[in-house]
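Participant: My structure file final.tsv, TSV, C-alpha atoms, is below:
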```tsv
chain	number	residue	atom	x	y	z
A	1269	MET	CA	0.00	0.00	0.00
A	1270	PRO	CA	1.37	3.46	-0.84
A	1271	GLY	CA	2.09	5.97	1.95
A	1272	TYR	CA	-1.01	8.05	1.17
A	1273	THR	CA	-3.51	5.22	1.72
A	1274	ILE	CA	-5.23	6.66	4.79
A	1275	SER	CA	-5.74	10.07	3.18
A	1276	LYS	CA	-6.69	8.74	-0.28
A	1277	GLY	CA	-10.15	10.31	-0.10
A	1278	ASP	CA	-8.63	13.68	0.74
A	1279	TYR	CA	-6.26	13.54	-2.25
A	1280	LEU	CA	-9.08	12.54	-4.59
A	1281	LYS	CA	-11.16	15.48	-3.37
A	1282	ARG	CA	-8.27	17.90	-3.91
A	1283	LEU	CA	-7.57	16.54	-7.39
A	1284	ARG	CA	-11.25	16.85	-8.33
A	1285	ARG	CA	-11.02	20.48	-7.26
A	1286	VAL	CA	-7.91	20.91	-9.46
A	1287	GLU	CA	-9.86	19.33	-12.33
A	1288	GLY	CA	-12.61	21.91	-11.77
A	1289	GLN	CA	-10.00	24.68	-11.80
A	1290	VAL	CA	-8.65	23.43	-15.15
A	1291	ARG	CA	-12.20	23.49	-16.56
A	1292	GLY	CA	-12.45	27.01	-15.15
A	1293	LEU	CA	-9.33	27.92	-17.15
A	1294	GLN	CA	-11.05	26.69	-20.31
A	1295	ARG	CA	-14.04	28.90	-19.59
A	1296	LEU	CA	-11.72	31.89	-19.07
A	1297	ILE	CA	-10.20	31.27	-22.52
A	1298	GLU	CA	-13.65	30.76	-24.11
A	1299	ASP	CA	-14.81	34.06	-22.58
A	1300	ASP	CA	-11.74	35.95	-23.97
A	1301	THR	CA	-10.53	36.79	-20.46
A	1302	TYR	CA	-7.60	39.18	-20.25
A	1303	CYS	CA	-4.29	37.21	-20.63
A	1304	ILE	CA	-2.85	38.30	-17.27
A	1305	ASP	CA	-5.96	37.10	-15.41
A	1306	VAL	CA	-5.65	33.70	-17.10
A	1307	LEU	CA	-1.95	33.59	-16.08
A	1308	THR	CA	-2.86	34.41	-12.46
A	1309	GLN	CA	-5.32	31.52	-12.49
A	1310	ILE	CA	-2.66	29.19	-13.99
A	1311	SER	CA	-0.38	30.08	-11.05
A	1312	SER	CA	-3.19	29.13	-8.65
A	1313	VAL	CA	-3.78	25.76	-10.30
A	1314	THR	CA	-0.04	25.06	-10.33
A	1315	LYS	CA	0.15	25.88	-6.63
A	1316	ALA	CA	-2.77	23.55	-5.85
A	1317	LEU	CA	-1.11	20.74	-7.83
A	1318	GLN	CA	2.25	21.28	-6.13
A	1319	ALA	CA	0.49	21.22	-2.74
A	1320	VAL	CA	-0.89	17.77	-3.60
A	1321	GLY	CA	2.67	16.76	-4.58
A	1322	LEU	CA	4.11	18.04	-1.29
A	1323	GLY	CA	1.44	16.13	0.64
A	1324	LEU	CA	2.31	12.91	-1.18
A	1325	LEU	CA	6.02	13.54	-0.61
A	1326	ASP	CA	5.38	14.02	3.11
A	1327	GLU	CA	3.54	10.73	3.40
A	1328	HIS	CA	6.07	8.96	1.21
A	1329	ILE	CA	8.99	9.93	3.46
A	1330	ARG	CA	6.90	9.34	6.60
A	1331	HIS	CA	5.90	5.81	5.59
A	1332	CYS	CA	7.74	4.29	2.60
A	1333	VAL	CA	11.21	5.76	3.22
A	1334	ARG	CA	11.03	4.97	6.93
A	1335	ASP	CA	9.86	1.38	6.33
A	1336	ALA	CA	12.62	0.84	3.77
A	1337	ALA	CA	15.22	2.22	6.20
A	1338	GLN	CA	14.00	-0.20	8.86
A	1339	SER	CA	14.26	-3.14	6.46
A	1340	SER	CA	17.88	-2.33	5.45
A	1341	ALA	CA	20.24	0.65	5.18
A	1342	ARG	CA	20.58	-0.02	1.47
A	1343	ASP	CA	16.82	-0.06	0.82
A	1344	GLY	CA	16.56	3.14	2.84
A	1345	ASP	CA	19.31	4.82	0.80
A	1346	GLU	CA	17.63	3.87	-2.48
A	1347	LYS	CA	14.31	5.28	-1.34
A	1348	VAL	CA	15.92	8.56	-0.25
A	1349	ALA	CA	17.68	8.97	-3.60
A	1350	GLU	CA	14.41	8.26	-5.39
A	1351	ALA	CA	12.50	10.80	-3.27
A	1352	VAL	CA	15.12	13.52	-3.82
A	1353	ALA	CA	15.01	12.84	-7.60
A	1354	ALA	CA	11.24	13.38	-7.42
A	1355	VAL	CA	11.79	16.70	-5.60
A	1356	GLU	CA	14.23	17.70	-8.35
A	1357	ARG	CA	11.58	16.97	-11.01
A	1358	LEU	CA	9.08	19.12	-9.08
A	1359	LEU	CA	11.64	21.96	-8.90
A	1360	ARG	CA	12.34	21.74	-12.62
A	1361	SER	CA	8.65	21.77	-13.59
B	289	MET	CA	-9.70	40.96	-27.70
B	290	PRO	CA	-6.91	39.26	-25.71
B	291	GLY	CA	-3.59	38.46	-27.37
B	292	TYR	CA	-4.34	34.75	-27.66
B	293	THR	CA	-7.49	35.18	-29.78
B	294	ILE	CA	-6.17	33.58	-32.97
B	295	SER	CA	-4.88	30.49	-31.14
B	296	LYS	CA	-7.86	30.14	-28.78
B	297	GLY	CA	-8.76	26.71	-30.19
B	298	ASP	CA	-5.20	25.51	-29.61
B	299	TYR	CA	-5.22	26.65	-25.95
B	300	LEU	CA	-8.60	25.01	-25.35
B	301	LYS	CA	-7.30	21.74	-26.79
B	302	ARG	CA	-4.21	21.87	-24.57
B	303	LEU	CA	-6.26	22.65	-21.46
B	304	ARG	CA	-8.64	19.77	-22.21
B	305	ARG	CA	-5.56	17.53	-22.36
B	306	VAL	CA	-4.41	18.92	-18.98
B	307	GLU	CA	-7.91	18.19	-17.62
B	308	GLY	CA	-7.53	14.61	-18.84
B	309	GLN	CA	-4.13	14.39	-17.14
B	310	VAL	CA	-5.67	15.55	-13.84
B	311	ARG	CA	-8.36	12.86	-14.17
B	312	GLY	CA	-5.49	10.42	-14.85
B	313	LEU	CA	-3.91	11.52	-11.55
B	314	GLN	CA	-7.16	10.65	-9.77
B	315	ARG	CA	-7.11	7.16	-11.30
B	316	LEU	CA	-3.48	6.71	-10.17
B	317	ILE	CA	-4.54	7.53	-6.59
B	318	GLU	CA	-7.62	5.27	-6.81
B	319	ASP	CA	-5.39	2.41	-8.04
B	320	ASP	CA	-2.92	2.88	-5.13
B	321	THR	CA	-0.09	3.76	-7.52
B	322	TYR	CA	3.35	4.10	-5.96
B	323	CYS	CA	3.81	7.64	-4.52
B	324	ILE	CA	6.87	8.46	-6.62
B	325	ASP	CA	5.05	7.58	-9.85
B	326	VAL	CA	2.19	9.90	-8.88
B	327	LEU	CA	4.74	12.66	-8.16
B	328	THR	CA	6.37	12.15	-11.57
B	329	GLN	CA	2.96	12.54	-13.18
B	330	ILE	CA	2.27	15.70	-11.13
B	331	SER	CA	5.52	17.18	-12.53
B	332	SER	CA	4.29	16.40	-16.06
B	333	VAL	CA	0.92	18.08	-15.51
B	334	THR	CA	2.63	21.12	-13.95
B	335	LYS	CA	4.95	21.35	-16.96
B	336	ALA	CA	1.99	21.18	-19.36
B	337	LEU	CA	0.18	23.93	-17.44
B	338	GLN	CA	3.29	26.15	-17.34
B	339	ALA	CA	3.71	25.63	-21.09
B	340	VAL	CA	0.19	27.01	-21.60
B	341	GLY	CA	1.16	29.94	-19.36
B	342	LEU	CA	4.35	30.61	-21.36
B	343	GLY	CA	2.33	30.53	-24.59
B	344	LEU	CA	-0.14	33.07	-23.22
B	345	LEU	CA	2.72	35.24	-21.96
B	346	ASP	CA	4.32	35.18	-25.41
B	347	GLU	CA	1.13	36.33	-27.11
B	348	HIS	CA	0.45	38.87	-24.40
B	349	ILE	CA	3.84	40.57	-24.90
B	350	ARG	CA	3.60	40.18	-28.68
B	351	HIS	CA	0.18	41.83	-28.90
B	352	CYS	CA	-1.08	43.60	-25.77
B	353	VAL	CA	2.22	45.02	-24.49
B	354	ARG	CA	3.22	46.14	-27.97
B	355	ASP	CA	-0.16	47.79	-28.64
B	356	ALA	CA	-0.04	49.58	-25.29
B	357	ALA	CA	3.51	50.81	-26.00
B	358	GLN	CA	2.33	52.19	-29.33
B	359	SER	CA	-0.56	54.02	-27.65
B	360	SER	CA	1.67	55.70	-25.02
B	361	ALA	CA	4.96	55.14	-23.17
B	362	ARG	CA	3.06	55.16	-19.90
B	363	ASP	CA	0.54	52.52	-21.00
B	364	GLY	CA	3.46	50.43	-22.28
B	365	ASP	CA	5.28	50.70	-18.96
B	366	GLU	CA	2.21	49.64	-17.01
B	367	LYS	CA	1.71	46.59	-19.22
B	368	VAL	CA	5.36	45.56	-18.85
B	369	ALA	CA	5.20	45.83	-15.05
B	370	GLU	CA	1.99	43.78	-15.06
B	371	ALA	CA	3.52	41.07	-17.29
B	372	VAL	CA	6.66	40.81	-15.12
B	373	ALA	CA	4.47	40.52	-12.00
B	374	ALA	CA	2.69	37.61	-13.72
B	375	VAL	CA	6.06	35.96	-14.45
B	376	GLU	CA	6.96	36.38	-10.77
B	377	ARG	CA	3.73	34.62	-9.75
B	378	LEU	CA	4.56	31.75	-12.13
B	379	LEU	CA	8.07	31.50	-10.63
B	380	ARG	CA	6.70	31.44	-7.08
B	381	SER	CA	4.10	28.73	-7.85
C	1459	MET	CA	23.49	49.44	-24.72
C	1460	PRO	CA	21.46	46.82	-22.84
C	1461	GLY	CA	18.09	47.72	-21.27
C	1462	TYR	CA	19.51	47.84	-17.73
C	1463	THR	CA	22.11	50.54	-18.44
C	1464	ILE	CA	20.59	53.27	-16.27
C	1465	SER	CA	20.26	50.97	-13.25
C	1466	LYS	CA	23.60	49.19	-13.70
C	1467	GLY	CA	24.91	50.43	-10.33
C	1468	ASP	CA	21.80	49.09	-8.62
C	1469	TYR	CA	22.21	45.62	-10.18
C	1470	LEU	CA	25.89	45.52	-9.23
C	1471	LYS	CA	24.99	46.40	-5.64
C	1472	ARG	CA	22.35	43.67	-5.51
C	1473	LEU	CA	24.73	41.09	-6.98
C	1474	ARG	CA	27.45	42.02	-4.49
C	1475	ARG	CA	24.88	41.38	-1.77
C	1476	VAL	CA	24.09	37.99	-3.32
C	1477	GLU	CA	27.83	37.26	-3.37
C	1478	GLY	CA	27.95	38.06	0.35
C	1479	GLN	CA	24.98	35.74	0.93
C	1480	VAL	CA	26.80	32.90	-0.87
C	1481	ARG	CA	29.85	33.50	1.34
C	1482	GLY	CA	27.46	33.42	4.31
C	1483	LEU	CA	26.27	29.98	3.10
C	1484	GLN	CA	29.89	28.78	3.19
C	1485	ARG	CA	30.23	29.97	6.78
C	1486	LEU	CA	27.02	28.13	7.71
C	1487	ILE	CA	28.50	24.91	6.30
C	1488	GLU	CA	31.85	25.50	8.01
C	1489	ASP	CA	30.04	26.03	11.33
C	1490	ASP	CA	28.06	22.76	10.95
C	1491	THR	CA	24.76	24.66	10.86
C	1492	TYR	CA	21.63	22.50	10.92
C	1493	CYS	CA	20.77	21.31	7.36
C	1494	ILE	CA	17.28	22.85	7.34
C	1495	ASP	CA	18.65	26.28	8.29
C	1496	VAL	CA	21.14	26.07	5.40
C	1497	LEU	CA	18.26	25.13	3.07
C	1498	THR	CA	16.22	28.11	4.25
C	1499	GLN	CA	19.16	30.37	3.49
C	1500	ILE	CA	19.57	28.76	0.02
C	1501	SER	CA	15.92	29.63	-0.69
C	1502	SER	CA	16.64	33.26	0.27
C	1503	VAL	CA	19.66	33.50	-2.02
C	1504	THR	CA	17.69	31.92	-4.87
C	1505	LYS	CA	14.90	34.44	-4.34
C	1506	ALA	CA	17.39	37.34	-4.39
C	1507	LEU	CA	18.92	36.03	-7.63
C	1508	GLN	CA	15.53	35.54	-9.25
C	1509	ALA	CA	14.58	39.08	-8.23
C	1510	VAL	CA	17.63	40.38	-10.12
C	1511	GLY	CA	16.52	38.25	-13.10
C	1512	LEU	CA	12.98	39.66	-12.97
C	1513	GLY	CA	14.39	43.21	-12.85
C	1514	LEU	CA	16.53	42.55	-15.92
C	1515	LEU	CA	13.55	40.97	-17.71
C	1516	ASP	CA	11.44	44.03	-16.95
C	1517	GLU	CA	14.02	46.39	-18.42
C	1518	HIS	CA	14.64	44.09	-21.35
C	1519	ILE	CA	10.97	44.09	-22.37
C	1520	ARG	CA	10.63	47.80	-21.57
C	1521	HIS	CA	13.59	48.81	-23.76
C	1522	CYS	CA	15.01	46.12	-26.07
C	1523	VAL	CA	11.77	44.39	-27.04
C	1524	ARG	CA	9.99	47.70	-27.56
C	1525	ASP	CA	12.83	49.13	-29.67
C	1526	ALA	CA	12.94	45.98	-31.78
C	1527	ALA	CA	9.17	46.13	-32.29
C	1528	GLN	CA	9.46	49.71	-33.47
C	1529	SER	CA	12.19	48.77	-35.93
C	1530	SER	CA	10.15	45.95	-37.53
C	1531	ALA	CA	7.41	43.46	-36.63
C	1532	ARG	CA	9.80	40.62	-37.35
C	1533	ASP	CA	12.55	41.95	-35.08
C	1534	GLY	CA	9.94	42.47	-32.38
C	1535	ASP	CA	8.67	38.90	-32.76
C	1536	GLU	CA	12.17	37.48	-32.46
C	1537	LYS	CA	12.86	39.47	-29.30
C	1538	VAL	CA	9.59	38.32	-27.73
C	1539	ALA	CA	10.35	34.66	-28.47
C	1540	GLU	CA	13.83	35.11	-27.01
C	1541	ALA	CA	12.49	36.76	-23.84
C	1542	VAL	CA	9.86	34.03	-23.31
C	1543	ALA	CA	12.57	31.36	-23.76
C	1544	ALA	CA	14.55	33.13	-21.02
C	1545	VAL	CA	11.48	33.05	-18.74
C	1546	GLU	CA	11.16	29.32	-19.45
C	1547	ARG	CA	14.79	28.78	-18.38
C	1548	LEU	CA	14.12	30.72	-15.16
C	1549	LEU	CA	11.04	28.56	-14.50
C	1550	ARG	CA	13.00	25.34	-15.08
C	1551	SER	CA	15.88	26.37	-12.80
D	634	MET	CA	26.64	16.95	13.64
D	635	PRO	CA	24.52	17.80	10.61
D	636	GLY	CA	23.83	15.17	7.94
D	637	TYR	CA	26.31	16.69	5.47
D	638	THR	CA	29.35	16.39	7.73
D	639	ILE	CA	31.26	13.83	5.67
D	640	SER	CA	30.85	15.80	2.44
D	641	LYS	CA	31.42	19.24	3.98
D	642	GLY	CA	34.51	19.87	1.82
D	643	ASP	CA	32.53	19.06	-1.30
D	644	TYR	CA	29.75	21.52	-0.40
D	645	LEU	CA	32.26	24.25	0.37
D	646	LYS	CA	33.91	23.71	-3.01
D	647	ARG	CA	30.56	23.90	-4.80
D	648	LEU	CA	29.56	27.05	-2.94
D	649	ARG	CA	32.90	28.71	-3.75
D	650	ARG	CA	32.16	27.91	-7.39
D	651	VAL	CA	28.69	29.52	-7.02
D	652	GLU	CA	30.40	32.57	-5.45
D	653	GLY	CA	32.66	32.75	-8.52
D	654	GLN	CA	29.60	32.53	-10.78
D	655	VAL	CA	27.96	35.45	-8.92
D	656	ARG	CA	31.14	37.49	-9.41
D	657	GLY	CA	30.97	36.47	-13.07
D	658	LEU	CA	27.43	37.91	-13.19
D	659	GLN	CA	28.78	41.22	-11.89
D	660	ARG	CA	31.38	41.29	-14.67
D	661	LEU	CA	28.65	40.58	-17.24
D	662	ILE	CA	26.73	43.62	-15.97
D	663	GLU	CA	29.88	45.79	-15.87
D	664	ASP	CA	30.62	44.80	-19.49
D	665	ASP	CA	27.07	45.72	-20.64
D	666	THR	CA	26.36	42.15	-21.66
D	667	TYR	CA	23.10	41.57	-23.52
D	668	CYS	CA	20.21	41.17	-20.98
D	669	ILE	CA	19.19	37.71	-22.21
D	670	ASP	CA	22.74	36.38	-21.80
D	671	VAL	CA	22.79	37.66	-18.21
D	672	LEU	CA	19.41	35.96	-17.61
D	673	THR	CA	20.74	32.67	-18.99
D	674	GLN	CA	23.66	32.90	-16.58
D	675	ILE	CA	21.28	33.67	-13.68
D	676	SER	CA	19.41	30.45	-14.51
D	677	SER	CA	22.73	28.54	-14.34
D	678	VAL	CA	23.66	29.98	-10.96
D	679	THR	CA	20.16	29.24	-9.62
D	680	LYS	CA	20.44	25.65	-10.85
D	681	ALA	CA	23.86	25.25	-9.15
D	682	LEU	CA	22.44	26.62	-5.89
D	683	GLN	CA	19.39	24.37	-6.04
D	684	ALA	CA	21.68	21.39	-6.69
D	685	VAL	CA	23.52	22.18	-3.45
D	686	GLY	CA	20.12	22.38	-1.72
D	687	LEU	CA	19.03	19.01	-3.14
D	688	GLY	CA	22.31	17.46	-1.95
D	689	LEU	CA	21.77	18.80	1.57
D	690	LEU	CA	18.16	17.57	1.53
D	691	ASP	CA	19.32	14.10	0.49
D	692	GLU	CA	21.79	13.89	3.36
D	693	HIS	CA	19.31	15.39	5.78
D	694	ILE	CA	16.68	12.73	5.06
D	695	ARG	CA	19.34	10.01	4.90
D	696	HIS	CA	20.80	10.88	8.30
D	697	CYS	CA	18.82	13.32	10.47
D	698	VAL	CA	15.27	12.18	9.56
D	699	ARG	CA	16.25	8.52	9.86
D	700	ASP	CA	17.95	9.02	13.23
D	701	ALA	CA	14.97	10.95	14.54
D	702	ALA	CA	12.61	8.19	13.36
D	703	GLN	CA	14.70	5.62	15.21
D	704	SER	CA	14.58	7.69	18.39
D	705	SER	CA	10.77	8.01	18.35
D	706	ALA	CA	7.87	8.09	15.90
D	707	ARG	CA	7.02	11.59	17.06
D	708	ASP	CA	10.55	12.94	16.51
D	709	GLY	CA	10.56	11.29	13.07
D	710	ASP	CA	7.22	12.91	12.18
D	711	GLU	CA	8.45	16.34	13.19
D	712	LYS	CA	11.60	15.99	11.11
D	713	VAL	CA	9.59	14.90	8.06
D	714	ALA	CA	7.24	17.88	8.36
D	715	GLU	CA	10.24	20.20	8.70
D	716	ALA	CA	11.97	18.70	5.64
D	717	VAL	CA	8.81	18.99	3.50
D	718	ALA	CA	8.40	22.63	4.59
D	719	ALA	CA	11.98	23.22	3.38
D	720	VAL	CA	11.12	21.63	0.01
D	721	GLU	CA	8.10	23.94	-0.20
D	722	ARG	CA	10.35	26.98	0.38
D	723	LEU	CA	12.69	25.76	-2.39
D	724	LEU	CA	9.70	25.34	-4.74
D	725	ARG	CA	8.41	28.84	-3.96
D	726	SER	CA	11.81	30.48	-4.50
```
Can I see the file as structure tokens?

Facilitator:
Amino acid sequence: MPGYTISKGDYLKRLRRVEGQVRGLQRLIEDDTYCIDVLTQISSVTKALQAVGLGLLDEHIRHCVRDAAQSSARDGDEKVAEAVAAVERLLRS
Amino acid sequence: MPGYTISKGDYLKRLRRVEGQVRGLQRLIEDDTYCIDVLTQISSVTKALQAVGLGLLDEHIRHCVRDAAQSSARDGDEKVAEAVAAVERLLRS
Amino acid sequence: MPGYTISKGDYLKRLRRVEGQVRGLQRLIEDDTYCIDVLTQISSVTKALQAVGLGLLDEHIRHCVRDAAQSSARDGDEKVAEAVAAVERLLRS
Amino acid sequence: MPGYTISKGDYLKRLRRVEGQVRGLQRLIEDDTYCIDVLTQISSVTKALQAVGLGLLDEHIRHCVRDAAQSSARDGDEKVAEAVAAVERLLRS
């Protein structure tokens, strides 16, 4: 089971809200909304998505990385490297 | 008319794809996908959203900022400041 | 002359401050400062650097892009594409 | 001792290189280098700084978070929350 299992419902709710925000962006474009206002809304959606990512990262380190470290130092090290690579992808996106 | 008017259909198509990606994220969570794989997918969706933002910014500078600059130096300056503030919000998100 | 000519002294002052902050980071490492406190300081330095970048971008659009647009539509278009590519590099860094 | 103790020399070397890059930025400004080329260099310096941050984060999770988790679940949880808050600050900078 992934680290986010107990808060699965919460993540689904947040992602459905992000989906609604992306549909909202489409309406803004359809309604010829001023470019800068669309950009502001894109920043909001990005922030909401990144917040979901940070939540998953938190639970991943809290559960998966810790469990791996308890199983063996080597498993723990691999999980840490993998988590930091994921943070790097978030930073670069 | 906003700067993106002629490519409105293209932006709508890209945002519908982003909407599909966000629904894909929900399926990943429902299927208990490994945290790191969900995070990788979140980076992809963020990148797609930012690409839409960069496209809008391009057209905004190309059309709105240029038109404002032609109307008056002061209008041009205001539009530039507004566009750079939008870039700052993208950077901080 | 680049767009930032009139505020050159200001940019130099801000970059000397950033240089001092980077030397401060070295002292934190030498003094075995707690990792999280070093990370917080890295975020500050990054923000200061990005602020210099946003200032340069502002002046670039305000002067260079505008001048190019007045010379010809094609020159203007090239400058806009170049500026947006620079924003994309800032976003990805 | 912080998590980066064994690679302290390496971090100092990388930060001295970043310091040199920031001095390089000052020379670019002094020499009236084209704005976009300065921006490209700012992206490079930011990337180098973030790479130092990611290295510190890796060692922090590998050592400090793991040690805290072994001492008590509560200490481990606090360290995870603190590390994720640091990632959030990196993302927002």

Participant: (23.5, 44.4, -18.0) in this file's frame - what residues fall within 10 Å of it? Use only C-alpha atoms and give the answer as a ChimeraX atom specification.

Facilitator: /C:1459-1467,1469-1470,1514,1517-1518 /D:658-672

Participant: Pull out every residue of chain B sitting within 7 Å of chain C, counting all atoms listed in the file, and send them as a PyMOL selection string.

Facilitator: chain B and resi 342+346+349-350+354+365+368-369+372+379

Participant: Measure the distance from atom CA of D:Ser676 to atom CA of C:Asp1525 in Å and round it to one decimal.

Facilitator: 24.9 Å

Participant: For atom CA of D:Gly653 and atom CA of D:Val685, quote the distance in Å rounded to one decimal.

Facilitator: 14.9 Å

Participant: What is the atom CA of B:Ile330 to atom CA of A:Gln1309 distance in Å?

Facilitator: 17.6 Å

Participant: Which residue gives the smallest distance to A:Thr1314 among B:Gly312, B:Arg377, B:Arg302, B:Ser359, with all atoms listed in the file counted?

Facilitator: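 Nearest to A:Thr1314: B:Arg377.
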
Participant: Since fewer atoms than expected are present, regenerate N, CA, C and O atoms for stretch 1281-1295 of chain A and write them as a PDB file, in the frame of the given file.

Facilitator:
```pdb
ATOM      1  N   LYS A1281     -10.342  14.257  -3.452  1.00  0.00           N
ATOM      2  CA  LYS A1281     -11.160  15.480  -3.370  1.00  0.00           C
ATOM      3  C   LYS A1281     -10.360  16.684  -3.893  1.00  0.00           C
ATOM      4  O   LYS A1281     -10.883  17.496  -4.654  1.00  0.00           O
ATOM      5  N   ARG A1282      -9.088  16.765  -3.474  1.00  0.00           N
ATOM      6  CA  ARG A1282      -8.270  17.900  -3.910  1.00  0.00           C
ATOM      7  C   ARG A1282      -8.015  17.843  -5.419  1.00  0.00           C
ATOM      8  O   ARG A1282      -8.002  18.885  -6.093  1.00  0.00           O
ATOM      9  N   LEU A1283      -7.824  16.648  -5.949  1.00  0.00           N
ATOM     10  CA  LEU A1283      -7.570  16.540  -7.390  1.00  0.00           C
ATOM     11  C   LEU A1283      -8.838  16.823  -8.194  1.00  0.00           C
ATOM     12  O   LEU A1283      -8.765  17.329  -9.317  1.00  0.00           O
ATOM     13  N   ARG A1284     -10.004  16.501  -7.629  1.00  0.00           N
ATOM     14  CA  ARG A1284     -11.250  16.850  -8.330  1.00  0.00           C
ATOM     15  C   ARG A1284     -11.412  18.365  -8.356  1.00  0.00           C
ATOM     16  O   ARG A1284     -11.909  18.928  -9.329  1.00  0.00           O
ATOM     17  N   ARG A1285     -10.978  19.010  -7.275  1.00  0.00           N
ATOM     18  CA  ARG A1285     -11.020  20.480  -7.260  1.00  0.00           C
ATOM     19  C   ARG A1285     -10.055  21.049  -8.313  1.00  0.00           C
ATOM     20  O   ARG A1285     -10.395  21.987  -9.024  1.00  0.00           O
ATOM     21  N   VAL A1286      -8.856  20.463  -8.430  1.00  0.00           N
ATOM     22  CA  VAL A1286      -7.910  20.910  -9.460  1.00  0.00           C
ATOM     23  C   VAL A1286      -8.522  20.714 -10.849  1.00  0.00           C
ATOM     24  O   VAL A1286      -8.414  21.581 -11.717  1.00  0.00           O
ATOM     25  N   GLU A1287      -9.199  19.583 -11.044  1.00  0.00           N
ATOM     26  CA  GLU A1287      -9.860  19.330 -12.330  1.00  0.00           C
ATOM     27  C   GLU A1287     -10.877  20.435 -12.624  1.00  0.00           C
ATOM     28  O   GLU A1287     -10.949  20.949 -13.746  1.00  0.00           O
ATOM     29  N   GLY A1288     -11.639  20.822 -11.610  1.00  0.00           N
ATOM     30  CA  GLY A1288     -12.610  21.910 -11.770  1.00  0.00           C
ATOM     31  C   GLY A1288     -11.905  23.223 -12.122  1.00  0.00           C
ATOM     32  O   GLY A1288     -12.389  23.997 -12.955  1.00  0.00           O
ATOM     33  N   GLN A1289     -10.755  23.452 -11.503  1.00  0.00           N
ATOM     34  CA  GLN A1289     -10.000  24.680 -11.800  1.00  0.00           C
ATOM     35  C   GLN A1289      -9.514  24.685 -13.256  1.00  0.00           C
ATOM     36  O   GLN A1289      -9.482  25.728 -13.901  1.00  0.00           O
ATOM     37  N   VAL A1290      -9.118  23.500 -13.762  1.00  0.00           N
ATOM     38  CA  VAL A1290      -8.650  23.430 -15.150  1.00  0.00           C
ATOM     39  C   VAL A1290      -9.821  23.671 -16.108  1.00  0.00           C
ATOM     40  O   VAL A1290      -9.679  24.332 -17.136  1.00  0.00           O
ATOM     41  N   ARG A1291     -11.013  23.183 -15.737  1.00  0.00           N
ATOM     42  CA  ARG A1291     -12.200  23.490 -16.560  1.00  0.00           C
ATOM     43  C   ARG A1291     -12.493  24.975 -16.482  1.00  0.00           C
ATOM     44  O   ARG A1291     -12.895  25.597 -17.472  1.00  0.00           O
ATOM     45  N   GLY A1292     -12.280  25.560 -15.307  1.00  0.00           N
ATOM     46  CA  GLY A1292     -12.450  27.010 -15.150  1.00  0.00           C
ATOM     47  C   GLY A1292     -11.523  27.783 -16.079  1.00  0.00           C
ATOM     48  O   GLY A1292     -11.914  28.793 -16.666  1.00  0.00           O
ATOM     49  N   LEU A1293     -10.289  27.289 -16.231  1.00  0.00           N
ATOM     50  CA  LEU A1293      -9.330  27.920 -17.150  1.00  0.00           C
ATOM     51  C   LEU A1293      -9.863  27.904 -18.582  1.00  0.00           C
ATOM     52  O   LEU A1293      -9.705  28.872 -19.330  1.00  0.00           O
ATOM     53  N   GLN A1294     -10.494  26.779 -18.952  1.00  0.00           N
ATOM     54  CA  GLN A1294     -11.050  26.690 -20.310  1.00  0.00           C
ATOM     55  C   GLN A1294     -12.151  27.723 -20.512  1.00  0.00           C
ATOM     56  O   GLN A1294     -12.246  28.353 -21.569  1.00  0.00           O
ATOM     57  N   ARG A1295     -12.976  27.891 -19.476  1.00  0.00           N
ATOM     58  CA  ARG A1295     -14.040  28.900 -19.590  1.00  0.00           C
ATOM     59  C   ARG A1295     -13.446  30.304 -19.723  1.00  0.00           C
ATOM     60  O   ARG A1295     -13.944  31.121 -20.489  1.00  0.00           O
TER      61      ARG A1295
END
```
